[in-house]
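Engineer: The structure follows.
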Amino acid sequence: MINYLSTFTYTNGAAFPDTLSINATGAGTADGTEIIKALIDDIWGGRYALMDAAGLTPDAVTEAPGTSQLLDAIRKISGSPGEGVIWWKDDDPSITGDRVLLLNGQGILRANYPELDAAVYVGDTANPTASAFYRSDDASGVVRNVSGAYLILPDTRGYALRGLDVAASVDPDGASRDLGSVQDFAIENITGAFDARLNSLLGGSDIGAFAFTTAGSASDVSTTGSTLIRTVTFDASTVVNTATETRMVNVATKFGIRY
């Protein structure tokens with residue numbers, strides 16, 4: 001962009017970024033900041049550069065609320081309704097003024113967020129069963145209604161995100177999932193076996209992943225004496241990291257969505 005201080009004769013005299021225009025001292029005087037070709041070219045050039053960077057061309061419609069291509073261009077470059085956000089700030093977006101909603105499972109009034117509603121709504125067919133982005137008559141999402149006043153957002157607190165895999169090439173449940181659906185925790189099955197003398201296990205009970213099976217005849221096995229009862233335990237923590245949940249290595253953050 002042009003340097004306003006050096007381009008214009010009449011300014012407040014301050015250097016960038018504090019250069020300001022000034023009014024003429026009176027009617028008919030010529031000591032106010034000039035309206036010249038350089039100024040118009042600079043304004044047009046900046047607007048065209050923004051449009052070009054966003055891949056847009058002028059549509060010949062006057063800029064106004066609801067028809068602003070400049071706003072469309074800014075959104076295409078910086079973010080548009082429905083885009084996900086990783087939120088590292090301590091304060092809530094409502095405090096910082098960012099156009100972001102944290103995904104805490106809340107219901108939001110569709111009338112207040114029409115562009116977000118249009119961008120992420122799951123559709124009338126999926127509305128009765130979807131885990132999130134469905135419409136409801138109430139903010140808690142209990143009374144589902146395709147014309148409901150509320151849009152229900154997913155609750156990402158404590159959850160890791162997984163890319164939607166509609167082809168089920170990695171996620172075996174992918175073909176039956178929607179955006180925002182929750183997949184419950186699971187681990188791959190753990191199996192094992194051990195060989196032991198049958199009389200050392202009589203009277204015991206199976207625990208956890210192990211189960212006792214009997215092969216052949218036990219007619220010659222004595223069942224007397226407490227020393228014959230043995231317990232076999234299984235403890236995965238002796239070989240891998242364990243906790244009260246199955247989880248991946250992770251970093252805590254907050255997830256949001258632009259509106």
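How things are named: the first chain in the structure tokens is A, the next is B, and so on; residues count from 1 in each chain; ligands count from 1 in the order shown.
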Contacts of Asn12 in chain A at 8 Å or less, counting only C-alpha atoms, minus same-chain residues fewer than 3 places along, as a count of residues only?
Structural biologist: 4
Engineer: If you count only C-alpha atoms, which residues fall within 6 Å of range 97-104 of chain A, apart from same-chain ones fewer than 5 positions away, as a compact mmCIF listing (two decimals) with N, CA and C atoms, in the first residue's frame?
Structural biologist:
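See selection11.txt below for the written result:
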# COMPACT_ATOMS: atom_id res chain seq x y z
N PRO A 154 -21.70 -31.08 19.55
CA PRO A 154 -21.08 -32.24 20.21
C PRO A 154 -20.32 -31.81 21.47
N ASP A 155 -20.15 -32.74 22.37
CA ASP A 155 -19.36 -32.50 23.59
C ASP A 155 -18.00 -33.16 23.41
N THR A 156 -16.96 -32.35 23.21
CA THR A 156 -15.62 -32.90 22.96
C THR A 156 -14.76 -32.93 24.21
N PHE A 255 -11.74 -27.80 22.13
CA PHE A 255 -12.13 -27.76 20.73
C PHE A 255 -13.32 -26.82 20.57
N GLY A 256 -13.29 -26.04 19.50
CA GLY A 256 -14.37 -25.11 19.23
C GLY A 256 -14.77 -25.16 17.77
N ILE A 257 -15.76 -24.34 17.42
CA ILE A 257 -16.24 -24.27 16.05
C ILE A 257 -16.54 -22.82 15.71
N ARG A 258 -16.18 -22.39 14.51
CA ARG A 258 -16.44 -21.02 14.10
C ARG A 258 -17.91 -20.85 13.73
N TYR A 259 -18.42 -19.64 13.94
CA TYR A 259 -19.80 -19.36 13.55
C TYR A 259 -19.88 -18.04 12.80
Engineer: Would you list the contacts of Ala132 in chain A as a JSON list (two decimals) with N, CA and C atoms, in the first residue's frame, taking every protein, DNA or RNA residue within 8 Å and counting only C-alpha atoms, but skipping same-chain residues closer than 6 positions in sequence?
Structural biologist:
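Heads up, here's the output in part33.json:
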[["chain", "number", "residue", "atom", "x", "y", "z"],
["A", 105, "GLY", "N", -21.25, -29.72, 24.16],
["A", 105, "GLY", "CA", -22.51, -30.45, 24.16],
["A", 105, "GLY", "C", -23.74, -29.59, 24.36],
["A", 122, "VAL", "N", -27.06, -31.96, 10.36],
["A", 122, "VAL", "CA", -26.91, -33.32, 9.82],
["A", 122, "VAL", "C", -27.94, -33.67, 8.76],
["A", 152, "ILE", "N", -27.90, -28.77, 18.41],
["A", 152, "ILE", "CA", -27.14, -29.41, 19.48],
["A", 152, "ILE", "C", -25.71, -29.67, 19.01],
["A", 153, "LEU", "N", -24.75, -29.11, 19.74],
["A", 153, "LEU", "CA", -23.34, -29.27, 19.40],
["A", 153, "LEU", "C", -22.76, -30.51, 20.09],
["A", 154, "PRO", "N", -21.70, -31.08, 19.55],
["A", 154, "PRO", "CA", -21.08, -32.24, 20.21],
["A", 154, "PRO", "C", -20.32, -31.81, 21.47],
["A", 179, "LEU", "N", -20.81, -36.98, 11.33],
["A", 179, "LEU", "CA", -19.96, -35.99, 11.97],
["A", 179, "LEU", "C", -20.48, -35.71, 13.38],
["A", 180, "GLY", "N", -19.60, -35.78, 14.36],
["A", 180, "GLY", "CA", -19.98, -35.52, 15.74],
["A", 180, "GLY", "C", -20.43, -36.75, 16.51],
["A", 181, "SER", "N", -20.52, -37.91, 15.85],
["A", 181, "SER", "CA", -20.95, -39.11, 16.56],
["A", 181, "SER", "C", -19.85, -39.59, 17.51]]
Engineer: Using only C-alpha atoms, which residues of range 74-171 of chain A come within 12 Å of range 245-251 of chain A, and what is the closest atom pair for each, with the distance in Å to one decimal? Give it as JSON lines, sorted by chain and residue number.
Structural biologist:
{"residue": "A:Ile86", "atom": "CA", "partner": "A:Val251", "partner_atom": "CA", "distance": 11.4}
{"residue": "A:Trp88", "atom": "CA", "partner": "A:Val251", "partner_atom": "CA", "distance": 11.2}
{"residue": "A:Gly158", "atom": "CA", "partner": "A:Asn250", "partner_atom": "CA", "distance": 10.3}
{"residue": "A:Tyr159", "atom": "CA", "partner": "A:Arg247", "partner_atom": "CA", "distance": 9.6}
{"residue": "A:Ala160", "atom": "CA", "partner": "A:Asn250", "partner_atom": "CA", "distance": 8.0}
{"residue": "A:Leu161", "atom": "CA", "partner": "A:Asn250", "partner_atom": "CA", "distance": 10.7}
{"residue": "A:Arg162", "atom": "CA", "partner": "A:Met248", "partner_atom": "CA", "distance": 11.7}
Engineer: Export N, CA and C atoms of the chosen residues as a PDB file, in the first residue's frame?
Structural biologist:
ATOM      1  N   ILE A  86      -8.883 -25.396  17.428  1.00  0.00           N
ATOM      2  CA  ILE A  86      -8.244 -25.846  18.664  1.00  0.00           C
ATOM      3  C   ILE A  86      -8.022 -24.608  19.517  1.00  0.00           C
ATOM      4  N   TRP A  88      -6.576 -22.682  22.601  1.00  0.00           N
ATOM      5  CA  TRP A  88      -5.540 -22.711  23.630  1.00  0.00           C
ATOM      6  C   TRP A  88      -5.675 -21.564  24.634  1.00  0.00           C
ATOM      7  N   GLY A 158     -12.793 -34.136  27.096  1.00  0.00           N
ATOM      8  CA  GLY A 158     -12.300 -35.444  27.492  1.00  0.00           C
ATOM      9  C   GLY A 158     -12.210 -36.452  26.363  1.00  0.00           C
ATOM     10  N   TYR A 159     -12.571 -36.032  25.145  1.00  0.00           N
ATOM     11  CA  TYR A 159     -12.561 -36.949  24.007  1.00  0.00           C
ATOM     12  C   TYR A 159     -11.439 -36.603  23.035  1.00  0.00           C
ATOM     13  N   ALA A 160     -10.903 -37.619  22.388  1.00  0.00           N
ATOM     14  CA  ALA A 160      -9.981 -37.414  21.274  1.00  0.00           C
ATOM     15  C   ALA A 160     -10.802 -37.420  19.987  1.00  0.00           C
ATOM     16  N   LEU A 161     -10.383 -36.641  19.004  1.00  0.00           N
ATOM     17  CA  LEU A 161     -11.100 -36.587  17.737  1.00  0.00           C
ATOM     18  C   LEU A 161     -10.560 -37.637  16.774  1.00  0.00           C
ATOM     19  N   ARG A 162     -11.442 -38.170  15.947  1.00  0.00           N
ATOM     20  CA  ARG A 162     -11.058 -39.165  14.949  1.00  0.00           C
ATOM     21  C   ARG A 162     -11.673 -38.776  13.611  1.00  0.00           C
TER      22      ARG A 162
END
Engineer: I need the strand (DSSP E) residues of range 15-118 of chain A per DSSP on the backbone, written as a list in words.
Structural biologist: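 After running DSSP on the backbone, range 15-118 of chain A has strand (DSSP E) at Gly84, Val85, Ile86, Trp87, Val100, Leu101, Leu102, Gly107, Ile108 and Leu109 of chain A.
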Engineer: Emit the selected residues as a CSV table (one decimal), in the first residue's frame, including C-alpha atoms.
Structural biologist:
chain,number,residue,atom,x,y,z
A,84,GLY,CA,-13.1,-26.5,13.7
A,85,VAL,CA,-10.8,-24.7,16.1
A,86,ILE,CA,-8.2,-25.8,18.7
A,87,TRP,CA,-8.6,-23.4,21.5
A,100,VAL,CA,-16.0,-19.3,18.2
A,101,LEU,CA,-18.2,-21.6,20.3
A,102,LEU,CA,-16.5,-24.3,22.5
A,107,GLY,CA,-27.8,-26.4,22.5
A,108,ILE,CA,-27.6,-23.1,20.7
A,109,LEU,CA,-30.4,-21.0,19.3
Engineer: Please compute the CA of Ser169 in chain A-CA of Gln183 in chain A distance, one decimal, in Å.
Structural biologist: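 CA of Gln183 in chain A lies 16.0 Å from CA of Ser169 in chain A.
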Engineer: Near range 55-63 of chain A, counting only C-alpha atoms, which residues have an atom at most 12 Å away, once you skip same-chain residues fewer than 6 positions from it, shown as a tab-separated table (two decimals) with N, CA, C and O atoms, in the first residue's frame?
Structural biologist:
chain	number	residue	atom	x	y	z
A	44	TRP	N	-8.81	0.40	-3.94
A	44	TRP	CA	-9.23	-0.64	-4.87
A	44	TRP	C	-8.21	-1.79	-4.91
A	44	TRP	O	-8.59	-2.96	-4.95
A	47	ARG	N	-8.58	-4.12	-1.90
A	47	ARG	CA	-9.81	-4.92	-1.98
A	47	ARG	C	-9.68	-6.01	-3.04
A	47	ARG	O	-10.09	-7.16	-2.83
A	48	TYR	N	-9.09	-5.65	-4.18
A	48	TYR	CA	-8.91	-6.64	-5.24
A	48	TYR	C	-7.91	-7.73	-4.82
A	48	TYR	O	-8.07	-8.90	-5.16
A	49	ALA	N	-6.87	-7.33	-4.10
A	49	ALA	CA	-5.89	-8.31	-3.65
A	49	ALA	C	-6.54	-9.32	-2.70
A	49	ALA	O	-6.26	-10.53	-2.76
A	69	GLN	N	-18.92	-9.47	-0.68
A	69	GLN	CA	-17.86	-10.36	-1.14
A	69	GLN	C	-16.58	-10.18	-0.34
A	69	GLN	O	-15.80	-11.12	-0.20
A	70	LEU	N	-16.36	-8.97	0.17
A	70	LEU	CA	-15.18	-8.77	1.00
A	70	LEU	C	-15.25	-9.63	2.26
A	70	LEU	O	-14.25	-10.22	2.68
A	71	LEU	N	-16.43	-9.72	2.86
A	71	LEU	CA	-16.60	-10.57	4.03
A	71	LEU	C	-16.39	-12.04	3.65
A	71	LEU	O	-15.73	-12.79	4.38
A	72	ASP	N	-16.92	-12.44	2.50
A	72	ASP	CA	-16.71	-13.81	2.03
A	72	ASP	C	-15.22	-14.09	1.84
A	72	ASP	O	-14.73	-15.17	2.18
A	73	ALA	N	-14.51	-13.12	1.30
A	73	ALA	CA	-13.08	-13.30	1.05
A	73	ALA	C	-12.31	-13.45	2.36
A	73	ALA	O	-11.44	-14.32	2.49
A	74	ILE	N	-12.64	-12.62	3.33
A	74	ILE	CA	-11.97	-12.70	4.63
A	74	ILE	C	-12.23	-14.05	5.28
A	74	ILE	O	-11.33	-14.68	5.86
A	75	ARG	N	-13.46	-14.52	5.18
A	75	ARG	CA	-13.79	-15.81	5.78
A	75	ARG	C	-13.08	-16.96	5.08
A	75	ARG	O	-12.65	-17.92	5.73
A	76	LYS	N	-12.97	-16.88	3.77
A	76	LYS	CA	-12.28	-17.94	3.05
A	76	LYS	C	-10.81	-18.02	3.44
A	76	LYS	O	-10.20	-19.09	3.47
A	77	ILE	N	-10.23	-16.88	3.74
A	77	ILE	CA	-8.82	-16.84	4.10
A	77	ILE	C	-8.60	-17.17	5.57
A	77	ILE	O	-7.69	-17.91	5.94
